[in-house]
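One structure is given below, encoded as structure tokens.
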Amino acid sequence: MTAVSPASPLRRDLTNAPLLAAARGQAPQHTPVWFMRQAGRSLPEYRKLREGVPMLTACFTPDMVAEVTLQPVRRHGVDGAILFSDIVVPLKAAGIDLDIVPGTGPVVADPVRDEDGVNALPELDPASLDPVAEAVGILVRELGDVPLIGFAGAPFTLASYLIEGGPSRHHERTKALMKARPDVWHALLGRIADYTLTFLRIQLDAGVDAVQLFDSWAGALSERDYREFVFPHSQRVLTGLAPAGVPRIHFGVGTAELLPAMREAGADVVGVDWRLPLDEAVRRLEAAAPDAPRPVVQGNLDPAVLFAGWDVVEREVRRIVAEGEAAAGHVFNLGHGVMPETDPNVLTRVVELVHSIR
């Protein structure tokens, strides 16, 4: 694992960009907004570009990564671009045999379920991620004053895919290994944390302006188990990124009970899904760390609301913007990713509405 270098000379000076100002707890010129999975299946231009191209091939093709990342910025006028990628990209780059199966998700050919499996995991050669760095370089040149958010999956979620062999509803093999062989578990998450740090270091050195660590499945855990089995590894990733000096966003699904721990792990911005109002999330974060700076939050419109008609969407957007005022800073987003069937025009109207409110 290579340590994260200080501020990249390739990074733009975007001090006044609303997204970065809000992430620092300052007062931006308007509430910034971007959407998780904004670059993807909801856009017809994306579907046309990706036709016949496997997902992982797309993720390692710099021109395609850049174009897909730019599409929602052009269409919606969002305040941030999120690097088009997938959480399993560093695993694939390391040489692990996996594929993203349409309609299923990541599928691992040889799941890792014991000490031998962990010991057999390959090292990640940073050079294998050169296409990602090249894509970031293109985007830094093309995005103008729009910040670029780097992207990685958190160690727990990647471990779950490796252990289960693919998506899982109950994560039973994952939890069994965690409880029965904590030594093997921590060795596995330590290796994955190395992958994640390398993946994010590549993006940071190439010039991204912020990073988001996705822990999609962490909500399957109790706070006790999270703190014992996951927290040390997420903390190593997030604190390991501190020298770069960029905002670190940490997001998970179903993590209302974990938010204080996720912030404590090193997050500057805490992503909140739709299950918990933002003002309540802020209250919990402040109660857990009364001496810490006021929290900054991201979220949290339920993606399903986008199908409910504009009157409902507008009401919910206004509510969330109002609740976000409880925080030191608020980055408007969804409570999870954009669904494929979402009308892109609704997303554009949401951006315009958020910008008009505050």
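Letters for chains follow the order of the structure tokens (A, B, ...), residue numbers begin at 1 for each chain, and ligand numbers begin at 1 in the order shown.
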Enumerate, in order of chain and increasing residue number, the residues of stretch 62-115 of chain A with an atom no farther than 9 Å from stretch 205-215 of chain A, each with its shortest atom pair and distance in Å to one decimal, counting only C-alpha atoms, as a Markdown table.
```
| residue | atom | partner | partner_atom | distance |
| --- | --- | --- | --- | --- |
| A:Ile82 | CA | A:Gln212 | CA | 8.8 |
| A:Leu83 | CA | A:Val208 | CA | 8.8 |
| A:Ile87 | CA | A:Phe214 | CA | 8.1 |
```
Task: Pick from A:Ile149, A:Ala127, A:Met262, A:Ala308 nearest to A:Met36, counting only C-alpha atoms - done: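 Checking each of A:Ile149, A:Ala127, A:Met262, A:Ala308 against A:Met36, counting only C-alpha atoms, the winner is A:Ile149.
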TODO: Would you work out the distance separating atom CA of A:Pro243 from atom CA of A:Val136, expressed in Å to one decimal?
DONE: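 About the pair atom CA of A:Pro243 and atom CA of A:Val136: they are 19.3 Å apart.
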- [ ] Please indicate the distance in Å from atom CA of A:Gln71 to atom CA of A:Leu143, rounded to one decimal place.
- [x]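 A separation of 10.9 Å between them.
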Please identify every residue of stretch 246-310 of chain A that has at least one atom no farther than 12 Å from an atom of stretch 322-329 of chain A, counting only C-alpha atoms, and for each give the shortest atom pair and the distance in Å to one decimal, arranged by chain then increasing number, as a tab-separated table.
```
residue	atom	partner	partner_atom	distance
A:Asp268	CA	A:Gly329	CA	10.3
A:Val269	CA	A:Gly329	CA	8.6
A:Val270	CA	A:Gly329	CA	10.4
A:Gly271	CA	A:Gly324	CA	11.8
A:Val272	CA	A:Gly324	CA	10.9
A:Leu276	CA	A:Glu323	CA	10.8
A:Pro277	CA	A:Glu323	CA	7.1
A:Leu278	CA	A:Glu323	CA	5.5
A:Asp279	CA	A:Glu323	CA	5.0
A:Glu280	CA	A:Glu323	CA	8.5
A:Ala281	CA	A:Ala327	CA	9.1
A:Val282	CA	A:Ala327	CA	6.1
A:Arg283	CA	A:Ala326	CA	8.3
A:Arg284	CA	A:Ala327	CA	11.3
A:Leu285	CA	A:Ala327	CA	9.8
A:Glu286	CA	A:Ala327	CA	9.5
A:Ala292	CA	A:Ala328	CA	11.6
A:Pro293	CA	A:Ala328	CA	8.4
A:Arg294	CA	A:Ala328	CA	5.4
A:Pro295	CA	A:Ala328	CA	5.7
A:Val296	CA	A:Gly329	CA	4.6
A:Val297	CA	A:Gly329	CA	6.4
A:Gln298	CA	A:Gly324	CA	8.3
A:Gly299	CA	A:Gly324	CA	8.5
A:Asn300	CA	A:Gly324	CA	9.2
A:Leu301	CA	A:Gly324	CA	11.4
```
Include N, CA, C and O atoms and write out the residues we just selected as a short mmCIF file (atom, residue, chain, number, x, y, z; two decimals), in the first residue's frame.
```
data_model
loop_
_atom_site.label_atom_id
_atom_site.label_comp_id
_atom_site.auth_asym_id
_atom_site.auth_seq_id
_atom_site.Cartn_x
_atom_site.Cartn_y
_atom_site.Cartn_z
N ASP A 268 -15.88 13.68 6.79
CA ASP A 268 -16.19 15.10 6.89
C ASP A 268 -17.66 15.36 6.61
O ASP A 268 -18.24 16.32 7.13
N VAL A 269 -18.24 14.52 5.76
CA VAL A 269 -19.64 14.63 5.37
C VAL A 269 -20.27 13.26 5.57
O VAL A 269 -19.74 12.25 5.09
N VAL A 270 -21.40 13.21 6.26
CA VAL A 270 -22.08 11.94 6.53
C VAL A 270 -23.28 11.82 5.60
O VAL A 270 -24.20 12.65 5.65
N GLY A 271 -23.27 10.81 4.74
CA GLY A 271 -24.41 10.54 3.88
C GLY A 271 -25.52 9.86 4.66
O GLY A 271 -25.26 8.93 5.44
N VAL A 272 -26.75 10.32 4.45
CA VAL A 272 -27.90 9.79 5.19
C VAL A 272 -28.92 9.27 4.19
O VAL A 272 -29.30 9.98 3.27
N LEU A 276 -34.14 8.30 7.61
CA LEU A 276 -33.99 9.16 8.78
C LEU A 276 -33.99 10.62 8.34
O LEU A 276 -33.21 11.00 7.46
N PRO A 277 -34.85 11.47 8.91
CA PRO A 277 -34.82 12.88 8.54
C PRO A 277 -33.45 13.50 8.84
O PRO A 277 -32.79 13.14 9.82
N LEU A 278 -33.05 14.44 8.01
CA LEU A 278 -31.72 15.02 8.17
C LEU A 278 -31.56 15.75 9.51
O LEU A 278 -30.49 15.68 10.13
N ASP A 279 -32.61 16.43 9.97
CA ASP A 279 -32.47 17.13 11.25
C ASP A 279 -32.30 16.16 12.41
O ASP A 279 -31.57 16.43 13.37
N GLU A 280 -32.94 14.98 12.31
CA GLU A 280 -32.74 13.95 13.34
C GLU A 280 -31.35 13.35 13.24
O GLU A 280 -30.71 13.06 14.26
N ALA A 281 -30.85 13.17 12.01
CA ALA A 281 -29.48 12.68 11.84
C ALA A 281 -28.50 13.65 12.48
O ALA A 281 -27.56 13.24 13.18
N VAL A 282 -28.71 14.94 12.26
CA VAL A 282 -27.83 15.95 12.85
C VAL A 282 -27.92 15.89 14.38
O VAL A 282 -26.89 15.97 15.08
N ARG A 283 -29.12 15.74 14.92
CA ARG A 283 -29.28 15.66 16.37
C ARG A 283 -28.48 14.49 16.93
O ARG A 283 -27.78 14.62 17.95
N ARG A 284 -28.56 13.33 16.29
CA ARG A 284 -27.84 12.15 16.76
C ARG A 284 -26.32 12.35 16.67
O ARG A 284 -25.57 11.96 17.57
N LEU A 285 -25.87 12.96 15.57
CA LEU A 285 -24.45 13.18 15.40
C LEU A 285 -23.92 14.16 16.45
O LEU A 285 -22.83 13.96 17.00
N GLU A 286 -24.69 15.20 16.73
CA GLU A 286 -24.25 16.18 17.73
C GLU A 286 -24.28 15.58 19.13
O GLU A 286 -23.38 15.84 19.95
N ALA A 292 -17.34 18.09 19.04
CA ALA A 292 -16.84 18.11 17.67
C ALA A 292 -17.48 19.27 16.90
O ALA A 292 -18.51 19.82 17.32
N PRO A 293 -16.90 19.67 15.77
CA PRO A 293 -17.56 20.69 14.94
C PRO A 293 -18.95 20.23 14.53
O PRO A 293 -19.23 19.02 14.46
N ARG A 294 -19.82 21.18 14.25
CA ARG A 294 -21.17 20.82 13.82
C ARG A 294 -21.09 19.94 12.57
O ARG A 294 -20.27 20.16 11.68
N PRO A 295 -21.95 18.93 12.47
CA PRO A 295 -21.84 17.98 11.36
C PRO A 295 -22.31 18.56 10.04
O PRO A 295 -23.12 19.48 9.98
N VAL A 296 -21.77 17.98 8.96
CA VAL A 296 -22.21 18.24 7.59
C VAL A 296 -22.85 16.97 7.08
O VAL A 296 -22.31 15.87 7.29
N VAL A 297 -24.01 17.10 6.44
CA VAL A 297 -24.74 15.91 5.99
C VAL A 297 -25.01 15.98 4.49
O VAL A 297 -25.01 17.05 3.88
N GLN A 298 -25.26 14.82 3.93
CA GLN A 298 -25.63 14.69 2.52
C GLN A 298 -26.88 13.83 2.41
O GLN A 298 -27.01 12.81 3.07
N GLY A 299 -27.84 14.26 1.56
CA GLY A 299 -29.03 13.46 1.33
C GLY A 299 -30.26 14.36 1.19
O GLY A 299 -30.14 15.57 1.06
N ASN A 300 -31.47 13.77 1.34
CA ASN A 300 -31.70 12.33 1.42
C ASN A 300 -33.09 11.98 0.86
O ASN A 300 -33.86 11.26 1.47
N LEU A 301 -33.39 12.51 -0.32
CA LEU A 301 -34.68 12.25 -0.97
C LEU A 301 -34.79 10.78 -1.35
O LEU A 301 -33.89 10.22 -1.97
#
```
Task: Top pick for closest residue to A:Ala135, considering A:Glu67, A:Asp97, A:Glu314, A:Glu257 and counting only C-alpha atoms - done: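 For A:Ala135, the nearest of the candidates is A:Glu67.
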Task: 12 Å contact set for A:Met178, only C-alpha atoms, chain neighbours under 6 positions out, as a list in words - done: Arg113, Asp114, Phe156, Ala159, Ser160, Ile163, His171, Glu172, Val184, Trp185, His186, Ala187, Leu188, Leu189, Leu221, Asp225, Tyr226, Glu228, Phe229 and Val230 of chain A
- [ ] Using DSSP on the backbone coordinates, identify all residues within stretch 126-210 of chain A classified as strand (DSSP E); present the result as a count of residues only.
- [x] 7
TODO: Report as a PyMOL selection string: the residues of stretch 252-339 of chain A with a DSSP assignment of helix (DSSP H, G or I), based on the backbone of this structure.
DONE: chain A and resi 259-264+278-288+303-307+310-324
Take the selection from the previous step and output its residues with N, CA, C and O atoms, as a short mmCIF file (atom, residue, chain, number, x, y, z; two decimals), in the first residue's frame.
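After the write, selection-v5.cif holds the following:
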```
data_model
loop_
_atom_site.label_atom_id
_atom_site.label_comp_id
_atom_site.auth_asym_id
_atom_site.auth_seq_id
_atom_site.Cartn_x
_atom_site.Cartn_y
_atom_site.Cartn_z
N LEU A 259 -24.59 6.09 12.14
CA LEU A 259 -24.09 7.37 11.66
C LEU A 259 -23.00 7.98 12.54
O LEU A 259 -21.98 8.45 12.02
N PRO A 260 -23.15 8.01 13.88
CA PRO A 260 -22.06 8.57 14.69
C PRO A 260 -20.75 7.80 14.51
O PRO A 260 -19.68 8.43 14.43
N ALA A 261 -20.82 6.49 14.43
CA ALA A 261 -19.60 5.71 14.24
C ALA A 261 -18.99 5.96 12.86
O ALA A 261 -17.77 6.03 12.71
N MET A 262 -19.83 6.11 11.85
CA MET A 262 -19.32 6.37 10.52
C MET A 262 -18.64 7.74 10.45
O MET A 262 -17.63 7.90 9.77
N ARG A 263 -19.19 8.70 11.16
CA ARG A 263 -18.52 10.00 11.21
C ARG A 263 -17.20 9.88 11.96
O ARG A 263 -16.17 10.43 11.54
N GLU A 264 -17.23 9.18 13.08
CA GLU A 264 -16.03 9.02 13.90
C GLU A 264 -14.91 8.33 13.13
O GLU A 264 -13.73 8.55 13.41
N LEU A 278 -33.05 14.44 8.01
CA LEU A 278 -31.72 15.02 8.17
C LEU A 278 -31.56 15.75 9.51
O LEU A 278 -30.49 15.68 10.13
N ASP A 279 -32.61 16.43 9.97
CA ASP A 279 -32.47 17.13 11.25
C ASP A 279 -32.30 16.16 12.41
O ASP A 279 -31.57 16.43 13.37
N GLU A 280 -32.94 14.98 12.31
CA GLU A 280 -32.74 13.95 13.34
C GLU A 280 -31.35 13.35 13.24
O GLU A 280 -30.71 13.06 14.26
N ALA A 281 -30.85 13.17 12.01
CA ALA A 281 -29.48 12.68 11.84
C ALA A 281 -28.50 13.65 12.48
O ALA A 281 -27.56 13.24 13.18
N VAL A 282 -28.71 14.94 12.26
CA VAL A 282 -27.83 15.95 12.85
C VAL A 282 -27.92 15.89 14.38
O VAL A 282 -26.89 15.97 15.08
N ARG A 283 -29.12 15.74 14.92
CA ARG A 283 -29.28 15.66 16.37
C ARG A 283 -28.48 14.49 16.93
O ARG A 283 -27.78 14.62 17.95
N ARG A 284 -28.56 13.33 16.29
CA ARG A 284 -27.84 12.15 16.76
C ARG A 284 -26.32 12.35 16.67
O ARG A 284 -25.57 11.96 17.57
N LEU A 285 -25.87 12.96 15.57
CA LEU A 285 -24.45 13.18 15.40
C LEU A 285 -23.92 14.16 16.45
O LEU A 285 -22.83 13.96 17.00
N GLU A 286 -24.69 15.20 16.73
CA GLU A 286 -24.25 16.18 17.73
C GLU A 286 -24.28 15.58 19.13
O GLU A 286 -23.38 15.84 19.95
N ALA A 287 -25.28 14.78 19.42
CA ALA A 287 -25.37 14.16 20.75
C ALA A 287 -24.22 13.19 20.99
O ALA A 287 -23.72 13.06 22.11
N ALA A 288 -23.78 12.52 19.92
CA ALA A 288 -22.71 11.54 20.06
C ALA A 288 -21.34 12.20 20.20
O ALA A 288 -20.42 11.61 20.76
N PRO A 303 -35.39 7.87 -3.54
CA PRO A 303 -35.41 7.80 -5.02
C PRO A 303 -36.77 7.45 -5.59
O PRO A 303 -37.10 7.85 -6.71
N ALA A 304 -37.60 6.73 -4.83
CA ALA A 304 -38.92 6.34 -5.31
C ALA A 304 -39.85 7.54 -5.42
O ALA A 304 -40.81 7.52 -6.22
N VAL A 305 -39.60 8.59 -4.65
CA VAL A 305 -40.46 9.78 -4.71
C VAL A 305 -40.41 10.42 -6.09
O VAL A 305 -41.37 11.07 -6.52
N LEU A 306 -39.32 10.22 -6.81
CA LEU A 306 -39.18 10.82 -8.14
C LEU A 306 -40.24 10.31 -9.12
O LEU A 306 -40.43 10.90 -10.19
N PHE A 307 -40.94 9.24 -8.76
CA PHE A 307 -42.00 8.68 -9.61
C PHE A 307 -43.39 9.16 -9.19
O PHE A 307 -44.39 8.77 -9.80
N TRP A 310 -44.87 15.72 -9.83
CA TRP A 310 -44.08 16.87 -9.43
C TRP A 310 -44.54 17.51 -8.13
O TRP A 310 -43.72 17.98 -7.33
N ASP A 311 -45.82 17.55 -7.86
CA ASP A 311 -46.29 18.18 -6.62
C ASP A 311 -45.68 17.49 -5.40
O ASP A 311 -45.28 18.16 -4.44
N VAL A 312 -45.63 16.17 -5.45
CA VAL A 312 -45.04 15.41 -4.34
C VAL A 312 -43.54 15.64 -4.28
O VAL A 312 -42.96 15.87 -3.21
N VAL A 313 -42.89 15.59 -5.43
CA VAL A 313 -41.45 15.79 -5.47
C VAL A 313 -41.09 17.15 -4.89
O VAL A 313 -40.19 17.28 -4.04
N GLU A 314 -41.80 18.19 -5.32
CA GLU A 314 -41.49 19.54 -4.83
C GLU A 314 -41.67 19.64 -3.32
O GLU A 314 -40.83 20.22 -2.62
N ARG A 315 -42.74 19.07 -2.82
CA ARG A 315 -42.99 19.12 -1.37
C ARG A 315 -41.86 18.44 -0.60
O ARG A 315 -41.36 18.97 0.41
N GLU A 316 -41.44 17.27 -1.09
CA GLU A 316 -40.39 16.53 -0.39
C GLU A 316 -39.04 17.23 -0.50
O GLU A 316 -38.26 17.24 0.47
N VAL A 317 -38.75 17.79 -1.64
CA VAL A 317 -37.48 18.52 -1.80
C VAL A 317 -37.42 19.70 -0.84
O VAL A 317 -36.41 19.92 -0.15
N ARG A 318 -38.50 20.47 -0.76
CA ARG A 318 -38.53 21.62 0.14
C ARG A 318 -38.38 21.19 1.60
O ARG A 318 -37.70 21.85 2.39
N ARG A 319 -39.01 20.08 1.95
CA ARG A 319 -38.87 19.57 3.32
C ARG A 319 -37.43 19.23 3.63
O ARG A 319 -36.89 19.59 4.69
N ILE A 320 -36.77 18.54 2.72
CA ILE A 320 -35.40 18.08 2.96
C ILE A 320 -34.43 19.26 3.02
O ILE A 320 -33.53 19.30 3.86
N VAL A 321 -34.61 20.24 2.15
CA VAL A 321 -33.75 21.42 2.21
C VAL A 321 -33.93 22.12 3.56
O VAL A 321 -32.94 22.56 4.19
N ALA A 322 -35.15 22.20 4.05
CA ALA A 322 -35.41 22.83 5.35
C ALA A 322 -34.76 22.04 6.48
O ALA A 322 -34.14 22.61 7.39
N GLU A 323 -34.89 20.71 6.43
CA GLU A 323 -34.27 19.87 7.48
C GLU A 323 -32.76 19.96 7.44
O GLU A 323 -32.09 19.89 8.47
N GLY A 324 -32.19 20.13 6.24
CA GLY A 324 -30.75 20.23 6.11
C GLY A 324 -30.16 21.46 6.75
O GLY A 324 -28.96 21.52 7.03
#
```
Task: Within 12 Å of A:Ala66 using only C-alpha atoms, minus same-chain residues under 2 positions, as a ChimeraX atom specification - done: /A:39,46,49,58-64,68-73,81-85,131-143,148
Residue selection dump (N, CA and C atoms) as an mmCIF file, in the first residue's frame:
```cif
data_model
loop_
_atom_site.group_PDB
_atom_site.id
_atom_site.type_symbol
_atom_site.label_atom_id
_atom_site.label_comp_id
_atom_site.auth_asym_id
_atom_site.auth_seq_id
_atom_site.Cartn_x
_atom_site.Cartn_y
_atom_site.Cartn_z
ATOM 1 N N ALA A 39 -24.773 9.298 -13.134
ATOM 2 C CA ALA A 39 -24.162 8.890 -14.395
ATOM 3 C C ALA A 39 -24.530 7.430 -14.637
ATOM 4 N N TYR A 46 -26.526 7.648 -22.096
ATOM 5 C CA TYR A 46 -25.681 6.615 -21.487
ATOM 6 C C TYR A 46 -25.981 5.247 -22.084
ATOM 7 N N LEU A 49 -24.449 4.937 -25.486
ATOM 8 C CA LEU A 49 -22.994 4.819 -25.440
ATOM 9 C C LEU A 49 -22.554 3.438 -24.967
ATOM 10 N N ALA A 58 -16.218 -0.845 -19.799
ATOM 11 C CA ALA A 58 -16.471 0.594 -19.769
ATOM 12 C C ALA A 58 -15.662 1.274 -18.668
ATOM 13 N N CYS A 59 -15.568 0.638 -17.490
ATOM 14 C CA CYS A 59 -14.878 1.241 -16.352
ATOM 15 C C CYS A 59 -13.374 1.388 -16.574
ATOM 16 N N PHE A 60 -12.821 0.618 -17.515
ATOM 17 C CA PHE A 60 -11.387 0.685 -17.810
ATOM 18 C C PHE A 60 -11.106 1.353 -19.158
ATOM 19 N N THR A 61 -12.094 2.055 -19.710
ATOM 20 C CA THR A 61 -11.932 2.775 -20.975
ATOM 21 C C THR A 61 -12.009 4.263 -20.677
ATOM 22 N N PRO A 62 -10.877 4.968 -20.624
ATOM 23 C CA PRO A 62 -10.867 6.349 -20.124
ATOM 24 C C PRO A 62 -11.827 7.295 -20.827
ATOM 25 N N ASP A 63 -11.879 7.267 -22.140
ATOM 26 C CA ASP A 63 -12.769 8.185 -22.851
ATOM 27 C C ASP A 63 -14.233 7.930 -22.499
ATOM 28 N N MET A 64 -14.588 6.656 -22.334
ATOM 29 C CA MET A 64 -15.965 6.322 -21.992
ATOM 30 C C MET A 64 -16.276 6.727 -20.556
ATOM 31 N N VAL A 68 -19.302 9.406 -19.767
ATOM 32 C CA VAL A 68 -20.432 9.042 -18.909
ATOM 33 C C VAL A 68 -20.481 9.945 -17.673
ATOM 34 N N THR A 69 -19.323 10.262 -17.117
ATOM 35 C CA THR A 69 -19.269 11.152 -15.957
ATOM 36 C C THR A 69 -19.787 12.541 -16.293
ATOM 37 N N LEU A 70 -19.503 13.011 -17.504
ATOM 38 C CA LEU A 70 -19.900 14.356 -17.924
ATOM 39 C C LEU A 70 -21.383 14.465 -18.286
ATOM 40 N N GLN A 71 -21.986 13.369 -18.717
ATOM 41 C CA GLN A 71 -23.363 13.440 -19.226
ATOM 42 C C GLN A 71 -24.351 14.090 -18.253
ATOM 43 N N PRO A 72 -24.404 13.686 -16.996
ATOM 44 C CA PRO A 72 -25.387 14.316 -16.097
ATOM 45 C C PRO A 72 -25.037 15.761 -15.742
ATOM 46 N N VAL A 73 -23.766 16.126 -15.825
ATOM 47 C CA VAL A 73 -23.386 17.518 -15.573
ATOM 48 C C VAL A 73 -23.960 18.398 -16.679
ATOM 49 N N ALA A 81 -19.638 16.217 -10.173
ATOM 50 C CA ALA A 81 -19.583 15.026 -11.020
ATOM 51 C C ALA A 81 -19.044 13.884 -10.179
ATOM 52 N N ILE A 82 -19.634 12.708 -10.311
ATOM 53 C CA ILE A 82 -19.144 11.522 -9.608
ATOM 54 C C ILE A 82 -18.481 10.616 -10.632
ATOM 55 N N LEU A 83 -17.258 10.226 -10.368
ATOM 56 C CA LEU A 83 -16.505 9.409 -11.312
ATOM 57 C C LEU A 83 -17.270 8.136 -11.647
ATOM 58 N N PHE A 84 -17.491 7.881 -12.923
ATOM 59 C CA PHE A 84 -18.165 6.654 -13.345
ATOM 60 C C PHE A 84 -17.233 5.479 -13.102
ATOM 61 N N SER A 85 -17.673 4.552 -12.279
ATOM 62 C CA SER A 85 -16.857 3.400 -11.929
ATOM 63 C C SER A 85 -17.758 2.356 -11.295
ATOM 64 N N PRO A 131 -5.813 3.430 -16.356
ATOM 65 C CA PRO A 131 -6.965 3.958 -17.097
ATOM 66 C C PRO A 131 -7.869 4.852 -16.249
ATOM 67 N N VAL A 132 -7.975 4.551 -14.966
ATOM 68 C CA VAL A 132 -8.789 5.382 -14.073
ATOM 69 C C VAL A 132 -8.140 6.753 -13.926
ATOM 70 N N ALA A 133 -6.823 6.773 -13.712
ATOM 71 C CA ALA A 133 -6.112 8.046 -13.602
ATOM 72 C C ALA A 133 -6.234 8.851 -14.887
ATOM 73 N N GLU A 134 -6.156 8.182 -16.023
ATOM 74 C CA GLU A 134 -6.297 8.882 -17.300
ATOM 75 C C GLU A 134 -7.685 9.498 -17.438
ATOM 76 N N ALA A 135 -8.706 8.757 -17.028
ATOM 77 C CA ALA A 135 -10.074 9.288 -17.086
ATOM 78 C C ALA A 135 -10.221 10.517 -16.196
ATOM 79 N N VAL A 136 -9.667 10.462 -14.983
ATOM 80 C CA VAL A 136 -9.730 11.616 -14.087
ATOM 81 C C VAL A 136 -9.032 12.816 -14.722
ATOM 82 N N GLY A 137 -7.892 12.570 -15.374
ATOM 83 C CA GLY A 137 -7.181 13.654 -16.027
ATOM 84 C C GLY A 137 -8.016 14.335 -17.104
ATOM 85 N N ILE A 138 -8.716 13.538 -17.885
ATOM 86 C CA ILE A 138 -9.609 14.104 -18.911
ATOM 87 C C ILE A 138 -10.679 14.968 -18.259
ATOM 88 N N LEU A 139 -11.266 14.447 -17.187
ATOM 89 C CA LEU A 139 -12.366 15.145 -16.524
ATOM 90 C C LEU A 139 -11.915 16.449 -15.872
ATOM 91 N N VAL A 140 -10.747 16.439 -15.261
ATOM 92 C CA VAL A 140 -10.228 17.657 -14.646
ATOM 93 C C VAL A 140 -10.099 18.769 -15.693
ATOM 94 N N ARG A 141 -9.746 18.377 -16.900
ATOM 95 C CA ARG A 141 -9.613 19.365 -17.986
ATOM 96 C C ARG A 141 -10.963 19.804 -18.536
ATOM 97 N N GLU A 142 -11.977 18.936 -18.478
ATOM 98 C CA GLU A 142 -13.249 19.193 -19.133
ATOM 99 C C GLU A 142 -14.313 19.802 -18.222
ATOM 100 N N LEU A 143 -14.191 19.632 -16.911
ATOM 101 C CA LEU A 143 -15.291 19.982 -16.001
ATOM 102 C C LEU A 143 -15.358 21.458 -15.639
ATOM 103 N N LEU A 148 -15.064 17.246 -9.044
ATOM 104 C CA LEU A 148 -15.118 15.825 -9.380
ATOM 105 C C LEU A 148 -14.966 15.013 -8.100
#
```
TODO: In Å, rounded to a single decimal, give me how far atom CA of A:Asn333 is from atom CA of A:Arg24.
DONE: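 Pair atom CA of A:Arg24 / atom CA of A:Asn333 returns 16.6 Å.
Checking A:Leu129, A:Leu43, A:Leu353, A:Ala289 one by one against A:Glu341, counting only C-alpha atoms, you find the shortest gap at A:Leu43.
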- [ ] For A:Gly105, list every protein, DNA or RNA residue within 8 Å, evaluated using only C-alpha atoms, and leave out those in the same chain fewer than 3 positions away; present the list as JSON, numbers by chain.
- [x] {"A": [100, 101, 102, 166, 167]}
Open item on the list: Between A:Gln38, A:Thr15, A:Thr174, A:Ser234, which residue has the minimum interatomic distance to A:Thr348, considering only C-alpha atoms?
Closed with: A:Gln38
